[in-house]
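Coordinates as given in work21.cif (mmCIF, C-alpha atoms):
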data_upload
#
loop_
_atom_site.group_PDB
_atom_site.id
_atom_site.type_symbol
_atom_site.label_atom_id
_atom_site.label_comp_id
_atom_site.auth_asym_id
_atom_site.auth_seq_id
_atom_site.Cartn_x
_atom_site.Cartn_y
_atom_site.Cartn_z
ATOM 1 C CA MET B 1 132.393 39.762 31.985
ATOM 2 C CA VAL B 2 134.049 36.606 33.296
ATOM 3 C CA TYR B 3 132.212 33.657 34.838
ATOM 4 C CA ARG B 4 134.441 31.597 37.117
ATOM 5 C CA GLU B 5 133.689 28.234 38.690
ATOM 6 C CA GLY B 6 136.677 26.505 40.296
ATOM 7 C CA GLN B 7 139.531 26.692 37.807
ATOM 8 C CA ASN B 8 137.217 27.203 34.828
ATOM 9 C CA ARG B 9 136.748 30.682 33.384
ATOM 10 C CA VAL B 10 134.336 31.683 30.660
ATOM 11 C CA GLY B 11 134.441 35.142 29.111
ATOM 12 C CA PHE B 12 131.231 36.831 27.979
ATOM 13 C CA ALA B 13 131.226 39.883 25.711
ATOM 14 C CA ALA B 14 129.255 42.356 27.826
ATOM 15 C CA GLN B 15 128.184 45.975 27.914
ATOM 16 C CA ILE B 16 126.871 48.061 30.771
ATOM 17 C CA ASP B 17 124.423 50.832 29.942
ATOM 18 C CA ARG B 18 124.142 54.238 31.640
ATOM 19 C CA LYS B 19 121.695 52.873 34.210
ATOM 20 C CA GLY B 20 123.906 49.914 35.103
ATOM 21 C CA GLY B 21 121.991 47.321 33.056
ATOM 22 C CA ILE B 22 124.142 44.472 31.750
ATOM 23 C CA CYS B 23 123.844 42.907 28.292
ATOM 24 C CA ALA B 24 126.056 39.836 27.790
ATOM 25 C CA GLU B 25 126.628 37.583 24.777
ATOM 26 C CA THR B 26 127.573 33.946 25.365
ATOM 27 C CA PRO B 27 130.787 32.739 23.748
ATOM 28 C CA LYS B 28 130.249 30.881 20.463
ATOM 29 C CA GLU B 29 132.346 27.917 21.560
ATOM 30 C CA LEU B 30 130.162 27.227 24.618
ATOM 31 C CA SER B 31 128.145 24.016 24.151
ATOM 32 C CA ASP B 32 124.462 23.761 25.061
ATOM 33 C CA GLU B 33 125.340 21.465 27.974
ATOM 34 C CA GLU B 34 127.959 23.861 29.334
ATOM 35 C CA LEU B 35 125.482 26.702 28.996
ATOM 36 C CA ARG B 36 122.788 24.759 30.908
ATOM 37 C CA ASN B 37 125.297 24.212 33.724
ATOM 38 C CA ILE B 38 126.492 27.825 33.841
ATOM 39 C CA LEU B 39 123.217 29.765 33.472
ATOM 40 C CA PRO B 40 121.701 29.081 36.930
ATOM 41 C CA ASN B 41 124.861 30.266 38.688
ATOM 42 C CA LEU B 42 125.264 33.191 36.315
ATOM 43 C CA VAL B 43 121.670 34.286 36.987
ATOM 44 C CA GLN B 44 122.272 34.049 40.716
ATOM 45 C CA GLY B 45 125.428 36.167 40.466
ATOM 46 C CA LEU B 46 123.830 38.757 38.206
ATOM 47 C CA GLY B 47 120.814 38.853 40.524
ATOM 48 C CA GLU B 48 123.041 39.818 43.429
ATOM 49 C CA LEU B 49 124.042 42.938 41.512
ATOM 50 C CA ARG B 50 120.381 43.976 41.684
ATOM 51 C CA ASN B 51 120.430 45.526 38.188
ATOM 52 C CA GLN B 52 118.654 44.715 34.958
ATOM 53 C CA TYR B 53 120.407 42.121 32.827
ATOM 54 C CA LEU B 54 120.063 40.196 29.604
ATOM 55 C CA VAL B 55 122.100 37.188 28.472
ATOM 56 C CA TYR B 56 121.788 36.081 24.849
ATOM 57 C CA ARG B 57 123.476 34.049 22.151
ATOM 58 C CA LYS B 58 123.655 34.772 18.471
ATOM 59 C CA ARG B 59 121.980 32.291 16.177
ATOM 60 C CA LYS B 60 123.514 31.179 12.920
ATOM 61 C CA PRO B 61 122.830 33.684 10.144
ATOM 62 C CA GLN B 62 120.128 32.517 7.738
ATOM 63 C CA PRO B 63 119.980 33.462 4.062
ATOM 64 C CA ILE B 64 117.018 35.587 3.059
ATOM 65 C CA PRO B 65 115.041 34.181 0.113
ATOM 66 C CA ALA B 66 115.925 35.858 -3.187
ATOM 67 C CA ASP B 67 112.391 37.150 -3.807
ATOM 68 C CA GLU B 68 112.265 38.804 -0.360
ATOM 69 C CA HIS B 69 115.762 40.260 -0.918
ATOM 70 C CA ASP B 70 114.847 41.634 -4.360
ATOM 71 C CA ALA B 71 111.545 43.073 -3.095
ATOM 72 C CA ALA B 72 113.371 44.906 -0.278
ATOM 73 C CA ILE B 73 115.862 46.451 -2.706
ATOM 74 C CA ALA B 74 113.047 47.515 -5.042
ATOM 75 C CA GLN B 75 111.106 49.104 -2.157
ATOM 76 C CA LEU B 76 114.211 50.967 -0.949
ATOM 77 C CA ARG B 77 114.756 52.373 -4.447
ATOM 78 C CA ARG B 78 111.110 53.512 -4.630
ATOM 79 C CA MET B 79 111.677 55.310 -1.314
ATOM 80 C CA GLY B 80 114.674 57.171 -2.772
ATOM 81 C CA VAL B 81 117.342 55.093 -1.047
ATOM 82 C CA GLU B 82 120.498 54.342 -3.002
ATOM 83 C CA LEU B 83 122.514 51.332 -1.879
ATOM 84 C CA HIS B 84 126.293 51.469 -2.028
ATOM 85 C CA GLU B 85 128.513 48.450 -1.555
ATOM 86 C CA PRO B 86 131.625 49.026 0.593
ATOM 87 C CA THR B 87 134.798 49.806 -1.308
ATOM 88 C CA GLY B 88 137.410 49.833 1.446
ATOM 89 C CA LYS B 89 138.887 47.216 3.711
ATOM 90 C CA GLY B 90 137.486 46.373 7.098
ATOM 91 C CA ARG B 91 133.955 45.600 8.122
ATOM 92 C CA VAL B 92 131.711 44.662 5.231
ATOM 93 C CA SER B 93 128.329 46.346 5.206
ATOM 94 C CA GLN B 94 126.089 48.242 2.862
ATOM 95 C CA ARG B 95 125.604 51.948 3.043
ATOM 96 C CA ALA B 96 122.394 53.761 2.215
ATOM 97 C CA VAL B 97 122.234 57.242 0.795
ATOM 98 C CA ILE B 98 118.830 58.861 1.080
ATOM 99 C CA GLN B 99 118.058 61.695 -1.280
ATOM 100 C CA ASN B 100 115.249 64.257 -1.381
ATOM 101 C CA TRP B 101 113.269 63.046 1.605
ATOM 102 C CA PRO B 102 110.494 65.412 2.649
ATOM 103 C CA ALA B 103 110.474 66.954 6.103
ATOM 104 C CA MET B 104 108.345 64.947 8.522
ATOM 105 C CA SER B 105 107.356 64.841 12.167
ATOM 106 C CA GLY B 106 109.368 62.925 14.734
ATOM 107 C CA THR B 107 106.849 60.074 14.811
ATOM 108 C CA GLN B 108 106.798 59.819 11.020
ATOM 109 C CA ALA B 109 110.595 59.961 10.884
ATOM 110 C CA GLN B 110 110.897 57.169 13.458
ATOM 111 C CA ALA B 111 108.494 54.990 11.472
ATOM 112 C CA MET B 112 110.406 55.694 8.254
ATOM 113 C CA VAL B 113 113.783 54.923 9.818
ATOM 114 C CA SER B 114 112.399 51.714 11.276
ATOM 115 C CA GLU B 115 111.075 50.652 7.860
ATOM 116 C CA VAL B 116 114.378 51.492 6.138
ATOM 117 C CA GLN B 117 116.324 49.511 8.750
ATOM 118 C CA SER B 118 114.083 46.499 8.227
ATOM 119 C CA LEU B 119 114.423 46.718 4.451
ATOM 120 C CA MET B 120 118.202 47.221 4.670
ATOM 121 C CA SER B 121 118.440 44.089 6.774
ATOM 122 C CA LYS B 122 116.651 42.122 4.050
ATOM 123 C CA ALA B 123 118.714 43.789 1.312
ATOM 124 C CA ARG B 124 121.905 42.458 2.936
ATOM 125 C CA GLY B 125 120.669 38.956 2.127
ATOM 126 C CA ILE B 126 121.373 37.518 5.587
ATOM 127 C CA ARG B 127 119.014 37.371 8.554
ATOM 128 C CA GLU B 128 120.789 37.580 11.896
ATOM 129 C CA SER B 129 118.964 36.929 15.128
ATOM 130 C CA VAL B 130 119.613 36.286 18.788
ATOM 131 C CA GLU B 131 118.130 33.968 21.370
ATOM 132 C CA VAL B 132 117.479 35.597 24.735
ATOM 133 C CA LEU B 133 118.451 33.065 27.383
ATOM 134 C CA VAL B 134 117.694 35.008 30.566
ATOM 135 C CA GLN B 135 116.734 38.544 31.480
ATOM 136 C CA ARG B 136 115.489 40.684 34.308
ATOM 137 C CA HIS B 137 113.603 43.809 33.303
ATOM 138 C CA SER B 138 113.401 45.772 36.536
ATOM 139 C CA LYS B 139 116.061 47.025 38.858
ATOM 140 C CA LEU B 140 115.689 45.824 42.440
ATOM 141 C CA ARG B 141 116.122 48.251 45.317
#

Kindly present the structure from the file in structure tokens form.
Amino acid sequence: MVYREGQNRVGFAAQIDRKGGICAETPKELSDEELRNILPNLVQGLGELRNQYLVYRKRKPQPIPADEHDAAIAQLRRMGVELHEPTGKGRVSQRAVIQNWPAMSGTQAQAMVSEVQSLMSKARGIRESVEVLVQRHSKLR
């Protein structure tokens, strides 16, 4: 998505979902002052589309304390999750292999997956978060 004001252009990494909702990430190089100047006009333009939207910026990654990191790894191992470090080139991320999990209901499975995702995030050692700058939840008719 490109925001244009006069000769200035600012590119936002954006995705549009199946229902037409827009999710846009602000560029890292955009200063707080520039963002304060752009957001009102951006909100007005997105509002004219009459769809849901969300504009956010990524915060700086924060290290997870060692005791929290170690506890997450220990809990994952107790749950039967084996962590594998990446061996190839490209994007660096951990991989989890889950062995001998019992069959469970959909609700139980969702809760388990949610817990594993949370623990995996801590096991990576870095906490990544976003700041939601503006959003509209409902689609206007």

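When atom CA of B:Ile16 is paired with atom CA of B:Arg36, their separation reads 23.7 Å.
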
Any chance you could work out the axis-aligned box around stretch 23-33 of chain B, listed atoms only, 8 Å on each side, giving centre and edge lengths in Å to one decimal, as lines of an AutoDock Vina configuration file?
center_x = 128.1
center_y = 32.2
center_z = 24.4
size_x = 24.5
size_y = 37.4
size_z = 23.8

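The space separating atom CA of B:Leu35 from atom CA of B:Ser121 comes to 29.1 Å.
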
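When atom CA of B:Arg124 is paired with atom CA of B:Ile64, their separation reads 8.4 Å.
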
Contact residues around B:Gln15 with all atoms listed in the file at 12 Å, ignoring same-chain residues under 2 positions, as a PyMOL selection string: chain B and resi 1+12-13+17-25+52-55

Report as an MDAnalysis selection string all protein, DNA and RNA residues lying within 10 Å of stretch 2-8 of chain B, evaluated on all atoms listed in the file, omitting residues in the same chain fewer than 6 positions from it. chainID B and resid 14 38:39 41:42 45

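Distance annotation: of B:Val10, B:Val43, B:Val130, B:Leu119, the residue with the minimal separation from B:Leu30 is B:Val10; atom set is all atoms listed in the file.
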